[in-house]
>>> print(open('my_file_18.tsv').read())   # TSV, C-alpha atoms and all ligand atoms
chain	number	residue	atom	x	y	z
O	1158	MET	CA	-46.36	11.83	21.74
O	1159	GLN	CA	-43.45	14.21	21.45
O	1160	PHE	CA	-40.61	14.30	18.92
O	1161	ALA	CA	-37.39	15.87	20.15
O	1162	LEU	CA	-35.55	16.84	16.99
O	1163	ARG	CA	-31.81	17.57	16.72
O	1164	HIS	CA	-31.12	15.55	19.84
O	1165	ARG	CA	-28.06	13.34	19.58
O	1166	TRP	CA	-27.87	10.52	22.10
O	1167	THR	CA	-24.37	10.19	23.57
O	1168	GLY	CA	-24.84	7.64	26.37
O	1169	TRP	CA	-25.87	7.73	30.03
O	1170	ASP	CA	-24.84	9.87	32.99
O	1171	GLU	CA	-23.76	8.38	36.33
O	1172	ASN	CA	-27.43	8.17	37.45
O	1173	GLY	CA	-28.43	6.15	34.39
O	1174	GLN	CA	-30.18	9.05	32.67
O	1175	LEU	CA	-30.01	9.27	28.88
O	1176	LEU	CA	-27.72	12.05	27.70
O	1177	PHE	CA	-28.40	14.08	24.55
O	1178	GLN	CA	-26.52	16.80	22.75
O	1179	THR	CA	-29.10	19.38	21.71
O	1180	PRO	CA	-28.96	22.84	20.12
O	1181	ASP	CA	-29.41	24.19	23.70
O	1182	GLY	CA	-26.57	22.14	25.15
O	1183	GLN	CA	-26.54	18.80	26.95
O	1184	ARG	CA	-29.84	17.41	28.19
O	1185	ALA	CA	-30.42	14.44	30.52
O	1186	ILE	CA	-33.65	12.47	30.31
O	1187	ASP	CA	-34.96	9.93	32.77
O	1188	ALA	CA	-36.58	7.08	30.85
O	1189	ARG	CA	-38.35	4.05	32.25
O	1190	ALA	CA	-37.58	2.18	29.04
O	1191	THR	CA	-35.63	3.00	25.90
O	1192	VAL	CA	-35.60	1.59	22.36
O	1193	LEU	CA	-32.33	2.31	20.59
O	1194	ALA	CA	-32.95	2.35	16.83
O	1195	LEU	CA	-29.84	4.18	15.64
O	1196	GLY	CA	-29.24	2.31	12.39
O	1197	GLY	CA	-26.02	0.87	10.99
O	1198	ALA	CA	-23.16	2.85	9.48
O	1199	SER	CA	-24.11	3.21	5.81
O	1200	TRP	CA	-24.72	6.74	4.48
O	1201	PRO	CA	-23.38	8.28	7.74
O	1202	ARG	CA	-24.01	11.79	6.48
O	1203	LEU	CA	-27.72	11.06	6.87
O	1204	GLY	CA	-27.14	10.48	10.58
O	1205	SER	CA	-26.54	6.75	11.02
O	1206	ASP	CA	-22.82	6.78	11.73
O	1207	GLY	CA	-22.51	3.81	14.09
O	1208	ALA	CA	-21.11	6.02	16.90
O	1209	TRP	CA	-23.30	4.02	19.30
O	1210	GLN	CA	-20.86	1.12	19.00
O	1211	ALA	CA	-18.31	2.70	21.36
O	1212	THR	CA	-21.01	3.64	23.90
O	1213	LEU	CA	-22.48	0.13	24.03
O	1214	ALA	CA	-19.12	-1.63	23.83
O	1215	SER	CA	-18.02	0.35	26.92
O	1216	LYS	CA	-20.97	-1.29	28.74
O	1217	GLY	CA	-19.71	-4.74	27.70
O	1218	VAL	CA	-22.24	-5.29	24.90
O	1219	ALA	CA	-20.80	-7.64	22.23
O	1220	ILE	CA	-20.98	-6.12	18.78
O	1221	SER	CA	-19.99	-7.92	15.61
O	1222	PRO	CA	-17.97	-5.53	13.36
O	1223	LEU	CA	-20.11	-3.37	11.05
O	1224	ARG	CA	-19.52	-4.26	7.39
O	1225	PRO	CA	-21.00	-3.03	4.11
O	1226	ALA	CA	-24.03	-5.01	2.90
O	1227	ASN	CA	-25.85	-4.59	-0.41
O	1228	CYS	CA	-22.73	-2.81	-1.55
O	1229	GLY	CA	-20.67	-2.28	-4.66
O	1230	PHE	CA	-17.29	-3.88	-5.39
O	1231	LEU	CA	-13.94	-2.67	-6.65
O	1232	VAL	CA	-12.72	-3.73	-10.10
O	1233	GLY	CA	-9.41	-2.73	-11.68
O	1234	TRP	CA	-10.93	-1.43	-14.92
O	1235	SER	CA	-8.59	-0.24	-17.65
O	1236	GLU	CA	-8.60	3.54	-18.03
O	1237	ILE	CA	-10.22	3.28	-21.47
O	1238	PHE	CA	-13.08	1.12	-20.19
O	1239	ARG	CA	-13.62	3.25	-17.08
O	1240	ASP	CA	-13.70	6.55	-18.99
O	1241	ARG	CA	-16.01	5.22	-21.68
O	1242	PHE	CA	-18.47	3.14	-19.68
O	1243	GLU	CA	-18.69	4.62	-16.17
O	1244	GLY	CA	-22.39	4.95	-15.27
O	1245	GLN	CA	-23.60	2.48	-17.92
O	1246	PRO	CA	-25.83	-0.47	-17.03
O	1247	LEU	CA	-25.25	-4.07	-18.05
O	1248	LYS	CA	-28.85	-5.10	-18.61
O	1249	GLY	CA	-30.34	-8.59	-18.63
O	1250	VAL	CA	-27.14	-10.23	-17.42
O	1251	ALA	CA	-26.75	-13.24	-15.12
O	1252	LEU	CA	-24.08	-13.09	-12.43
O	1253	THR	CA	-22.69	-16.29	-10.97
O	1254	PHE	CA	-20.64	-16.69	-7.84
O	1255	GLY	CA	-20.15	-20.17	-6.42
O	1256	PRO	CA	-23.47	-22.04	-6.56
O	1257	HIS	CA	-25.58	-18.87	-6.93
O	1258	THR	CA	-26.72	-17.20	-10.13
O	1259	ILE	CA	-28.67	-13.95	-10.12
O	1260	ARG	CA	-30.27	-12.42	-13.18
O	1261	GLY	CA	-30.71	-8.67	-13.35
O	1262	GLU	CA	-28.79	-5.49	-13.88
O	1263	ALA	CA	-25.36	-4.23	-12.83
O	1264	LEU	CA	-23.94	-0.76	-13.16
O	1265	VAL	CA	-20.36	0.03	-14.12
O	1266	THR	CA	-18.91	2.64	-11.75
O	1267	ARG	CA	-15.60	4.43	-11.75
O	1268	ALA	CA	-14.36	2.20	-8.94
O	1269	GLY	CA	-16.00	-1.04	-10.03
O	1270	ILE	CA	-19.51	-2.41	-10.18
O	1271	GLU	CA	-22.78	-2.11	-8.23
O	1272	GLY	CA	-26.53	-2.55	-8.75
O	1273	GLY	CA	-29.33	-4.97	-7.96
O	1274	ALA	CA	-27.81	-8.24	-9.18
O	1275	ILE	CA	-24.50	-7.40	-7.44
O	1276	TYR	CA	-26.25	-6.53	-4.17
O	1277	ALA	CA	-28.03	-9.87	-4.21
O	1278	LEU	CA	-24.63	-11.64	-4.16
O	1279	SER	CA	-22.90	-9.08	-1.96
O	1280	ALA	CA	-22.86	-11.02	1.32
O	1281	GLU	CA	-21.11	-14.02	-0.24
O	1282	LEU	CA	-18.77	-11.86	-2.30
O	1283	ARG	CA	-17.84	-9.75	0.73
O	1284	GLU	CA	-17.06	-12.80	2.88
O	1285	ALA	CA	-15.02	-14.41	0.06
O	1286	ILE	CA	-13.01	-11.20	-0.34
O	1287	ALA	CA	-12.43	-11.01	3.42
O	1288	LYS	CA	-10.99	-14.56	3.30
O	1289	SER	CA	-8.89	-14.42	0.15
O	1290	ALA	CA	-8.55	-10.73	-0.83
O	1291	GLY	CA	-10.54	-11.23	-4.03
O	1292	ALA	CA	-13.51	-12.95	-5.64
O	1293	ALA	CA	-14.04	-14.12	-9.19
O	1294	LEU	CA	-17.50	-13.37	-10.51
O	1295	ARG	CA	-18.79	-14.73	-13.84
O	1296	VAL	CA	-20.98	-12.54	-16.01
O	1297	ALA	CA	-23.27	-14.08	-18.64
O	1298	LEU	CA	-23.98	-11.31	-21.15
O	1299	ARG	CA	-26.65	-13.27	-23.09
O	1300	PRO	CA	-27.95	-15.77	-20.52
O	1301	ASP	CA	-31.12	-16.28	-22.58
O	1302	LEU	CA	-29.13	-17.76	-25.51
O	1303	GLU	CA	-27.97	-21.40	-25.45
O	1304	THR	CA	-24.30	-21.93	-26.31
O	1305	GLY	CA	-25.26	-23.74	-29.55
O	1306	GLU	CA	-27.40	-20.83	-30.68
O	1307	LEU	CA	-24.64	-18.34	-29.76
O	1308	ILE	CA	-22.11	-20.34	-31.81
O	1309	ARG	CA	-24.51	-20.43	-34.76
O	1310	GLN	CA	-25.01	-16.67	-34.67
O	1311	LEU	CA	-21.31	-15.97	-34.16
O	1312	SER	CA	-20.48	-18.16	-37.16
O	1313	THR	CA	-22.38	-15.96	-39.61
O	1314	PRO	CA	-20.11	-14.04	-42.02
O	1315	ARG	CA	-18.79	-10.79	-40.59
O	1316	GLY	CA	-18.17	-9.11	-43.96
O	1317	LYS	CA	-16.58	-5.71	-43.67
O	1318	GLN	CA	-18.08	-4.84	-40.27
O	1319	SER	CA	-15.80	-4.03	-37.37
O	1320	PHE	CA	-15.77	-6.79	-34.79
O	1321	SER	CA	-17.72	-4.63	-32.31
O	1322	ASN	CA	-20.40	-3.91	-34.89
O	1323	PHE	CA	-20.60	-7.59	-35.72
O	1324	LEU	CA	-21.15	-8.48	-32.04
O	1325	ARG	CA	-23.70	-5.71	-31.66
O	1326	LYS	CA	-25.71	-6.88	-34.67
O	1327	ALA	CA	-25.22	-10.65	-34.56
O	1328	ILE	CA	-26.06	-11.16	-30.89
O	1329	ARG	CA	-27.31	-7.72	-29.86
O	1330	LEU	CA	-24.58	-6.95	-27.33
O	1331	SER	CA	-24.54	-3.40	-25.98
O	1332	PRO	CA	-21.35	-1.31	-26.26
O	1333	VAL	CA	-20.66	-1.72	-22.52
O	1334	ALA	CA	-21.07	-5.53	-22.80
O	1335	ILE	CA	-18.63	-5.56	-25.73
O	1336	GLY	CA	-16.28	-3.38	-23.67
O	1337	LEU	CA	-16.45	-5.91	-20.83
O	1338	LEU	CA	-15.59	-8.73	-23.26
O	1339	GLN	CA	-12.64	-6.71	-24.51
O	1340	GLU	CA	-11.45	-6.14	-20.93
O	1341	ALA	CA	-11.55	-9.92	-20.33
O	1342	ALA	CA	-9.75	-10.63	-23.61
O	1343	MET	CA	-7.09	-8.07	-22.73
O	1344	VAL	CA	-6.45	-9.76	-19.36
O	1345	SER	CA	-6.13	-13.17	-21.06
O	1346	GLY	CA	-3.81	-11.68	-23.71
O	1347	ALA	CA	-5.91	-12.83	-26.69
O	1348	ALA	CA	-7.60	-10.46	-29.15
O	1349	LEU	CA	-11.36	-10.92	-29.08
O	1350	SER	CA	-11.56	-11.12	-32.88
O	1351	SER	CA	-9.08	-14.00	-32.92
O	1352	LEU	CA	-11.32	-16.29	-30.86
O	1353	ALA	CA	-13.14	-19.14	-32.60
O	1354	PRO	CA	-16.96	-18.93	-32.35
O	1355	ALA	CA	-17.09	-21.72	-29.74
O	1356	LYS	CA	-14.51	-20.01	-27.49
O	1357	LEU	CA	-16.19	-16.64	-27.95
O	1358	ALA	CA	-19.62	-18.11	-27.11
O	1359	GLU	CA	-18.15	-19.61	-23.96
O	1360	LEU	CA	-16.62	-16.27	-22.96
O	1361	ILE	CA	-19.81	-14.30	-23.68
O	1362	ASN	CA	-21.74	-16.31	-21.12
O	1363	ALA	CA	-18.96	-16.57	-18.54
O	1364	VAL	CA	-16.94	-13.35	-18.61
O	1365	PRO	CA	-14.57	-13.50	-15.63
O	1366	LEU	CA	-14.65	-10.42	-13.44
O	1367	GLN	CA	-12.14	-10.13	-10.62
O	1368	LEU	CA	-13.47	-8.18	-7.62
O	1369	ASN	CA	-10.73	-6.76	-5.43
O	1370	GLY	CA	-12.66	-5.33	-2.49
O	1371	THR	CA	-15.94	-3.84	-1.33
O	1372	THR	CA	-16.72	-0.18	-1.79
O	1373	PRO	CA	-16.75	1.71	1.56
O	1374	ILE	CA	-19.58	1.17	4.04
O	1375	ALA	CA	-20.45	4.88	3.72
O	1376	ARG	CA	-21.73	4.09	0.20
O	1377	ALA	CA	-23.46	0.78	1.00
O	1378	ILE	CA	-27.23	0.39	1.06
O	1379	SER	CA	-27.12	-1.33	4.44
O	1380	THR	CA	-24.93	-2.70	7.19
O	1381	ALA	CA	-24.05	-6.22	8.24
O	1382	GLY	CA	-22.92	-6.87	11.81
O	1383	GLY	CA	-24.15	-5.09	14.93
O	1384	ILE	CA	-25.33	-6.01	18.41
O	1385	SER	CA	-25.00	-9.76	18.82
O	1386	PHE	CA	-28.31	-11.61	19.24
O	1387	ASP	CA	-26.76	-13.38	22.26
O	1388	GLU	CA	-26.92	-10.01	24.03
O	1389	LEU	CA	-30.71	-9.78	23.58
O	1390	ASP	CA	-33.59	-11.48	25.32
O	1391	ALA	CA	-36.62	-12.69	23.36
O	1392	ASP	CA	-38.12	-9.17	23.54
O	1393	PHE	CA	-35.03	-7.43	22.09
O	1394	MET	CA	-33.97	-6.08	25.49
O	1395	ILE	CA	-30.20	-5.91	25.97
O	1396	ARG	CA	-29.79	-8.35	28.85
O	1397	ARG	CA	-26.94	-6.52	30.54
O	1398	LEU	CA	-28.79	-3.16	30.30
O	1399	PRO	CA	-32.28	-3.77	31.76
O	1400	GLY	CA	-34.91	-1.49	30.22
O	1401	ILE	CA	-32.77	-0.76	27.12
O	1402	PHE	CA	-34.04	-2.36	23.91
O	1403	ALA	CA	-32.49	-2.33	20.42
O	1404	ALA	CA	-34.03	-2.66	16.97
O	1405	GLY	CA	-33.32	-2.31	13.27
O	1406	GLU	CA	-29.96	-2.28	11.59
O	1407	MET	CA	-28.14	-1.92	14.93
O	1408	LEU	CA	-28.67	-5.65	15.32
O	1409	ASP	CA	-26.45	-8.34	13.79
O	1410	TRP	CA	-28.45	-9.35	10.72
O	1411	GLU	CA	-28.45	-8.54	7.04
O	1412	ALA	CA	-31.02	-8.89	4.30
O	1413	PRO	CA	-31.37	-8.20	0.60
O	1414	THR	CA	-32.97	-5.00	-0.68
O	1415	GLY	CA	-36.54	-5.07	-1.96
O	1416	GLY	CA	-38.31	-4.21	1.29
O	1417	TYR	CA	-36.73	-6.90	3.46
O	1418	LEU	CA	-34.49	-4.40	5.29
O	1419	LEU	CA	-37.33	-2.03	6.09
O	1420	GLN	CA	-39.56	-4.96	7.06
O	1421	ALA	CA	-36.94	-6.30	9.49
O	1422	ALA	CA	-36.35	-2.80	10.93
O	1423	PHE	CA	-40.10	-2.28	11.50
O	1424	ALA	CA	-40.64	-5.82	12.83
O	1425	THR	CA	-37.82	-5.64	15.38
O	1426	GLY	CA	-39.00	-2.15	16.42
O	1427	ALA	CA	-42.54	-3.45	16.96
O	1428	ALA	CA	-41.24	-6.48	18.87
O	1429	ALA	CA	-39.13	-4.23	21.12
O	1430	ALA	CA	-42.14	-2.00	21.78
O	1431	ARG	CA	-44.20	-5.07	22.76
O	1432	GLY	CA	-41.30	-6.06	25.01
O	1433	ILE	CA	-41.52	-2.70	26.76
O	1434	LEU	CA	-45.25	-3.20	27.38
O	1435	LYS	CA	-44.37	-6.42	29.20
O	1436	LEU	CA	-42.01	-4.71	31.66
O	1437	PRO	CA	-43.39	-5.07	35.21
O	1438	MET	CA	-42.57	-1.46	36.12
O	1439	LEU	CA	-44.79	-0.24	33.29
O	1440	PHE	CA	-47.65	-2.39	34.50
O	1441	ARG	CA	-47.13	-0.85	37.94
O	1442	HIS	CA	-47.12	2.72	36.68
O	1443	GLY	CA	-50.09	1.97	34.45
L	1	LIG	C1	-29.96	4.49	-0.70
L	1	LIG	C2	-30.70	3.45	0.12
L	1	LIG	C3	-31.73	2.73	-0.46
L	1	LIG	C4	-32.43	1.78	0.30
L	1	LIG	N1	-33.42	1.05	-0.29
L	1	LIG	C5	-34.10	0.14	0.42
L	1	LIG	C6	-35.15	-0.62	-0.16
L	1	LIG	O1	-35.49	-0.44	-1.33
L	1	LIG	N2	-35.79	-1.53	0.61
L	1	LIG	C7	-35.45	-1.75	1.92
L	1	LIG	O2	-36.04	-2.60	2.57
L	1	LIG	N3	-34.46	-1.04	2.50
L	1	LIG	C8	-33.77	-0.12	1.79
L	1	LIG	N4	-32.76	0.58	2.37
L	1	LIG	C9	-32.37	0.24	3.76
L	1	LIG	C10	-33.29	0.83	4.81
L	1	LIG	O3	-33.43	2.24	4.57
L	1	LIG	C11	-32.66	0.58	6.18
L	1	LIG	O4	-32.46	-0.80	6.37
L	1	LIG	C12	-33.57	1.06	7.31
L	1	LIG	O5	-33.81	2.45	7.17
L	1	LIG	C13	-32.92	0.81	8.67
L	1	LIG	O6	-33.74	1.35	9.65
L	1	LIG	P1	-33.17	1.70	11.08
L	1	LIG	O7	-34.29	2.35	11.81
L	1	LIG	O8	-32.51	0.53	11.69
L	1	LIG	O9	-32.00	2.77	10.84
L	1	LIG	P2	-32.04	4.19	10.10
L	1	LIG	O10	-33.12	4.28	9.09
L	1	LIG	O11	-30.62	4.41	9.68
L	1	LIG	O12	-32.43	5.19	11.26
L	1	LIG	C14	-31.57	5.45	12.33
L	1	LIG	C15	-31.80	6.88	12.79
L	1	LIG	O13	-31.08	7.10	14.00
L	1	LIG	C16	-30.44	8.35	13.93
L	1	LIG	N5	-29.27	8.30	14.82
L	1	LIG	C17	-28.12	7.60	14.70
L	1	LIG	N6	-27.33	7.80	15.75
L	1	LIG	C18	-27.99	8.65	16.58
L	1	LIG	C19	-27.69	9.21	17.86
L	1	LIG	N7	-26.54	8.94	18.50
L	1	LIG	N8	-28.61	10.05	18.43
L	1	LIG	C20	-29.77	10.32	17.80
L	1	LIG	N9	-30.12	9.80	16.60
L	1	LIG	C21	-29.23	8.98	16.00
L	1	LIG	C22	-30.07	8.54	12.48
L	1	LIG	O14	-29.91	9.91	12.19
L	1	LIG	C23	-31.29	7.93	11.80
L	1	LIG	O15	-32.29	8.89	11.62
L	1	LIG	C24	-32.08	1.56	1.65
L	1	LIG	C25	-31.03	2.29	2.23
L	1	LIG	C26	-30.34	3.23	1.47
L	1	LIG	C27	-29.22	4.00	2.12
>>> encode(input="my_file_18.tsv", output="structure tokens")
Amino acid sequence: MQFALRHRWTGWDENGQLLFQTPDGQRAIDARATVLALGGASWPRLGSDGAWQATLASKGVAISPLRPANCGFLVGWSEIFRDRFEGQPLKGVALTFGPHTIRGEALVTRAGIEGGAIYALSAELREAIAKSAGAALRVALRPDLETGELIRQLSTPRGKQSFSNFLRKAIRLSPVAIGLLQEAAMVSGAALSSLAPAKLAELINAVPLQLNGTTPIARAISTAGGISFDELDADFMIRRLPGIFAAGEMLDWEAPTGGYLLQAAFATGAAAARGILKLPMLFRHG
């Protein structure tokens, strides 16, 4: 086995040889079979920049547009909220979009919001934003507390405490969670402290959060879109390019984080390699 480092594949020459840019100039390699595993377009500075799209598209290969997956989303935070809470996690929340609720953690960023629970909903959120330029997420800040129990705790006397201190002590909301509630109250035009316990309880477990867009693909964990499965045979060979196989994030699939992406990349790579072993010319050359 030989690794050829710092070789950038740029396509094929007129004889069908693979072309590489190398530190010593252009190099052509004759290959009996090739597995392309060039990744998607997230974190391009690590090498996966999706430049292969133009090369394959010029050969007529259908490619569904590359889109961010497991990505963050843009939120129009107020300056005060952004400056105070950027980088802070919303822990133990439940996020609801349409019929799906995900419990976990989300991180406030300068541009919006990201993190595990957001990534889990990212495919649906992304598609909704593509259709209607926005998506309304609901955040439950205390999903473990029933509304009745929340109302009971919010009805206890506040005394001389500030409203934020009251929320922090009565129902153990973190400063960033209280900040999020204040953002929502500001949008609705009502002061948080003026809400009756029942209204406040309702808001605490369904804070509306308007998402205005996805963060750029360069910052996404993974990539949706890629080489259409219609272009592949059962062994991951690109039908219109005999002997050329493709695997991993180059293909048109997406998956959640948690090992599923790596598993799919390894599995399609292994399947492509098995496909190569089936090629008649390899049997011939032994
Ligand atoms: C921050 C982060 C965290 C992640 N966490 C997880 C996780 O917890 N669990 C999980 O399952 N997945 C995770 N992933 C996703 C996972 O890393 C990818 O799904 C997986 O690496 C995709 O494998 P791949 O081989 O298709 O592409 P890549 O790993 O992107 O590999 C493609 C390679 O091809 C090279 N390349 C591209 N173009 C060319 C060219 N023209 N010539 C030569 N070489 C080229 C690139 O430099 C790169 O080395 C994470 C990703 C990121 C960015």
>>> closest_atom_pairs(input="my_file_18.tsv", of="chain O", to="ligand LIG 1 (chain L)", cutoff="6 Å", atoms="only C-alpha atoms and all ligand atoms", output="tab-separated table")
residue	atom	partner	partner_atom	distance
O:His1164	CA	L:LIG1	C20	5.8
O:Arg1165	CA	L:LIG1	N8	3.5
O:Trp1166	CA	L:LIG1	N8	3.8
O:Thr1167	CA	L:LIG1	N7	5.7
O:Ala1194	CA	L:LIG1	O7	5.2
O:Leu1195	CA	L:LIG1	O13	3.6
O:Gly1196	CA	L:LIG1	O9	3.2
O:Gly1197	CA	L:LIG1	O11	6.0
O:Trp1200	CA	L:LIG1	C27	5.8
O:Leu1203	CA	L:LIG1	O14	5.9
O:Gly1204	CA	L:LIG1	O14	3.3
O:Ser1205	CA	L:LIG1	C17	4.1
O:Trp1209	CA	L:LIG1	N7	5.9
O:Ile1378	CA	L:LIG1	C26	4.2
O:Ser1379	CA	L:LIG1	C9	5.5
O:Gly1405	CA	L:LIG1	O8	3.3
O:Glu1406	CA	L:LIG1	O8	3.8
O:Met1407	CA	L:LIG1	O8	6.0
O:Thr1414	CA	L:LIG1	N2	4.7
O:Gly1415	CA	L:LIG1	N2	4.4
O:Gly1416	CA	L:LIG1	O2	3.1
O:Tyr1417	CA	L:LIG1	O2	4.4
O:Leu1418	CA	L:LIG1	O2	3.6
O:Leu1419	CA	L:LIG1	O2	3.8
O:Ala1422	CA	L:LIG1	O6	5.1
>>> residues_around(input="my_file_18.tsv", residues="O:Val1232", least_positions_apart="4", cutoff="10 Å", atoms="all atoms listed in the file", output="mmCIF file with C-alpha atoms, keeping the file's coordinate frame")
data_model
loop_
_atom_site.group_PDB
_atom_site.id
_atom_site.type_symbol
_atom_site.label_atom_id
_atom_site.label_comp_id
_atom_site.auth_asym_id
_atom_site.auth_seq_id
_atom_site.Cartn_x
_atom_site.Cartn_y
_atom_site.Cartn_z
ATOM 1 C CA ARG O 1239 -13.620 3.250 -17.080
ATOM 2 C CA VAL O 1265 -20.360 0.030 -14.120
ATOM 3 C CA THR O 1266 -18.910 2.640 -11.750
ATOM 4 C CA ARG O 1267 -15.600 4.430 -11.750
ATOM 5 C CA ALA O 1268 -14.360 2.200 -8.940
ATOM 6 C CA GLY O 1269 -16.000 -1.040 -10.030
ATOM 7 C CA ILE O 1270 -19.510 -2.410 -10.180
ATOM 8 C CA GLY O 1291 -10.540 -11.230 -4.030
ATOM 9 C CA LEU O 1366 -14.650 -10.420 -13.440
ATOM 10 C CA GLN O 1367 -12.140 -10.130 -10.620
ATOM 11 C CA LEU O 1368 -13.470 -8.180 -7.620
ATOM 12 C CA ASN O 1369 -10.730 -6.760 -5.430
ATOM 13 C CA GLY O 1370 -12.660 -5.330 -2.490
ATOM 14 C CA THR O 1371 -15.940 -3.840 -1.330
ATOM 15 C CA THR O 1372 -16.720 -0.180 -1.790
#
>>> closest_residue(input="my_file_18.tsv", among="O:Ile1220, O:Asp1301, O:Pro1365, O:Arg1295", to="O:Pro1256", atoms="all atoms listed in the file")
O:Arg1295
>>> atom_distance(input="my_file_18.tsv", atom1="atom CA of O:Gln1183", atom2="atom CA of O:Asp1206")
19.7 Å
>>> residues_around(input="my_file_18.tsv", residues="O:Ile1384", least_positions_apart="3", cutoff="10 Å", atoms="all atoms listed in the file", output="compact mmCIF listing (two decimals) with C-alpha atoms, in the coordinates of the input")
# COMPACT_ATOMS: atom_id res chain seq x y z
CA GLN O 1210 -20.86 1.12 19.00
CA LEU O 1213 -22.48 0.13 24.03
CA ALA O 1214 -19.12 -1.63 23.83
CA VAL O 1218 -22.24 -5.29 24.90
CA ALA O 1219 -20.80 -7.64 22.23
CA ILE O 1220 -20.98 -6.12 18.78
CA SER O 1221 -19.99 -7.92 15.61
CA PRO O 1222 -17.97 -5.53 13.36
CA LEU O 1223 -20.11 -3.37 11.05
CA ASP O 1387 -26.76 -13.38 22.26
CA GLU O 1388 -26.92 -10.01 24.03
CA LEU O 1389 -30.71 -9.78 23.58
CA ILE O 1395 -30.20 -5.91 25.97
CA ALA O 1403 -32.49 -2.33 20.42
CA ALA O 1404 -34.03 -2.66 16.97
CA GLU O 1406 -29.96 -2.28 11.59
CA MET O 1407 -28.14 -1.92 14.93
CA LEU O 1408 -28.67 -5.65 15.32
CA ASP O 1409 -26.45 -8.34 13.79
CA TRP O 1410 -28.45 -9.35 10.72
>>> closest_residue(input="my_file_18.tsv", among="O:Glu1271, O:Tyr1276, O:Glu1303, O:Phe1402", to="O:Leu1434", atoms="all atoms listed in the file")
O:Phe1402
>>> build_atoms(input="my_file_18.tsv", residues="stretch 1388-1400 of chain O", atoms="N, CA, C and O atoms", output="PDB file, in the coordinates of the input")
ATOM      1  N   GLU O1388     -26.800 -11.084  23.029  1.00  0.00           N
ATOM      2  CA  GLU O1388     -26.920 -10.010  24.030  1.00  0.00           C
ATOM      3  C   GLU O1388     -28.384  -9.662  24.318  1.00  0.00           C
ATOM      4  O   GLU O1388     -28.681  -8.893  25.231  1.00  0.00           O
ATOM      5  N   LEU O1389     -29.298 -10.188  23.484  1.00  0.00           N
ATOM      6  CA  LEU O1389     -30.710  -9.780  23.580  1.00  0.00           C
ATOM      7  C   LEU O1389     -31.562 -10.866  24.197  1.00  0.00           C
ATOM      8  O   LEU O1389     -31.286 -12.058  24.001  1.00  0.00           O
ATOM      9  N   ASP O1390     -32.621 -10.461  24.904  1.00  0.00           N
ATOM     10  CA  ASP O1390     -33.590 -11.480  25.320  1.00  0.00           C
ATOM     11  C   ASP O1390     -34.646 -11.614  24.201  1.00  0.00           C
ATOM     12  O   ASP O1390     -34.522 -10.975  23.140  1.00  0.00           O
ATOM     13  N   ALA O1391     -35.648 -12.415  24.428  1.00  0.00           N
ATOM     14  CA  ALA O1391     -36.620 -12.690  23.360  1.00  0.00           C
ATOM     15  C   ALA O1391     -37.414 -11.446  22.976  1.00  0.00           C
ATOM     16  O   ALA O1391     -38.061 -11.412  21.918  1.00  0.00           O
ATOM     17  N   ASP O1392     -37.377 -10.416  23.830  1.00  0.00           N
ATOM     18  CA  ASP O1392     -38.120  -9.170  23.540  1.00  0.00           C
ATOM     19  C   ASP O1392     -37.202  -8.046  23.047  1.00  0.00           C
ATOM     20  O   ASP O1392     -37.587  -6.874  23.083  1.00  0.00           O
ATOM     21  N   PHE O1393     -35.993  -8.410  22.621  1.00  0.00           N
ATOM     22  CA  PHE O1393     -35.030  -7.430  22.090  1.00  0.00           C
ATOM     23  C   PHE O1393     -34.496  -6.472  23.162  1.00  0.00           C
ATOM     24  O   PHE O1393     -34.039  -5.382  22.846  1.00  0.00           O
ATOM     25  N   MET O1394     -34.603  -6.883  24.438  1.00  0.00           N
ATOM     26  CA  MET O1394     -33.970  -6.080  25.490  1.00  0.00           C
ATOM     27  C   MET O1394     -32.512  -6.534  25.624  1.00  0.00           C
ATOM     28  O   MET O1394     -32.217  -7.734  25.564  1.00  0.00           O
ATOM     29  N   ILE O1395     -31.606  -5.567  25.768  1.00  0.00           N
ATOM     30  CA  ILE O1395     -30.200  -5.910  25.970  1.00  0.00           C
ATOM     31  C   ILE O1395     -30.071  -6.408  27.411  1.00  0.00           C
ATOM     32  O   ILE O1395     -30.299  -5.659  28.364  1.00  0.00           O
ATOM     33  N   ARG O1396     -29.753  -7.708  27.527  1.00  0.00           N
ATOM     34  CA  ARG O1396     -29.790  -8.350  28.850  1.00  0.00           C
ATOM     35  C   ARG O1396     -29.003  -7.599  29.910  1.00  0.00           C
ATOM     36  O   ARG O1396     -29.454  -7.436  31.034  1.00  0.00           O
ATOM     37  N   ARG O1397     -27.783  -7.149  29.511  1.00  0.00           N
ATOM     38  CA  ARG O1397     -26.940  -6.520  30.540  1.00  0.00           C
ATOM     39  C   ARG O1397     -27.323  -5.054  30.794  1.00  0.00           C
ATOM     40  O   ARG O1397     -26.736  -4.404  31.644  1.00  0.00           O
ATOM     41  N   LEU O1398     -28.326  -4.538  30.080  1.00  0.00           N
ATOM     42  CA  LEU O1398     -28.790  -3.160  30.300  1.00  0.00           C
ATOM     43  C   LEU O1398     -30.321  -3.187  30.450  1.00  0.00           C
ATOM     44  O   LEU O1398     -31.053  -2.818  29.523  1.00  0.00           O
ATOM     45  N   PRO O1399     -30.826  -3.618  31.601  1.00  0.00           N
ATOM     46  CA  PRO O1399     -32.280  -3.770  31.760  1.00  0.00           C
ATOM     47  C   PRO O1399     -33.030  -2.484  31.399  1.00  0.00           C
ATOM     48  O   PRO O1399     -32.608  -1.388  31.768  1.00  0.00           O
ATOM     49  N   GLY O1400     -34.108  -2.648  30.628  1.00  0.00           N
ATOM     50  CA  GLY O1400     -34.910  -1.490  30.220  1.00  0.00           C
ATOM     51  C   GLY O1400     -34.439  -0.862  28.917  1.00  0.00           C
ATOM     52  O   GLY O1400     -35.099   0.031  28.378  1.00  0.00           O
TER      53      GLY O1400
END
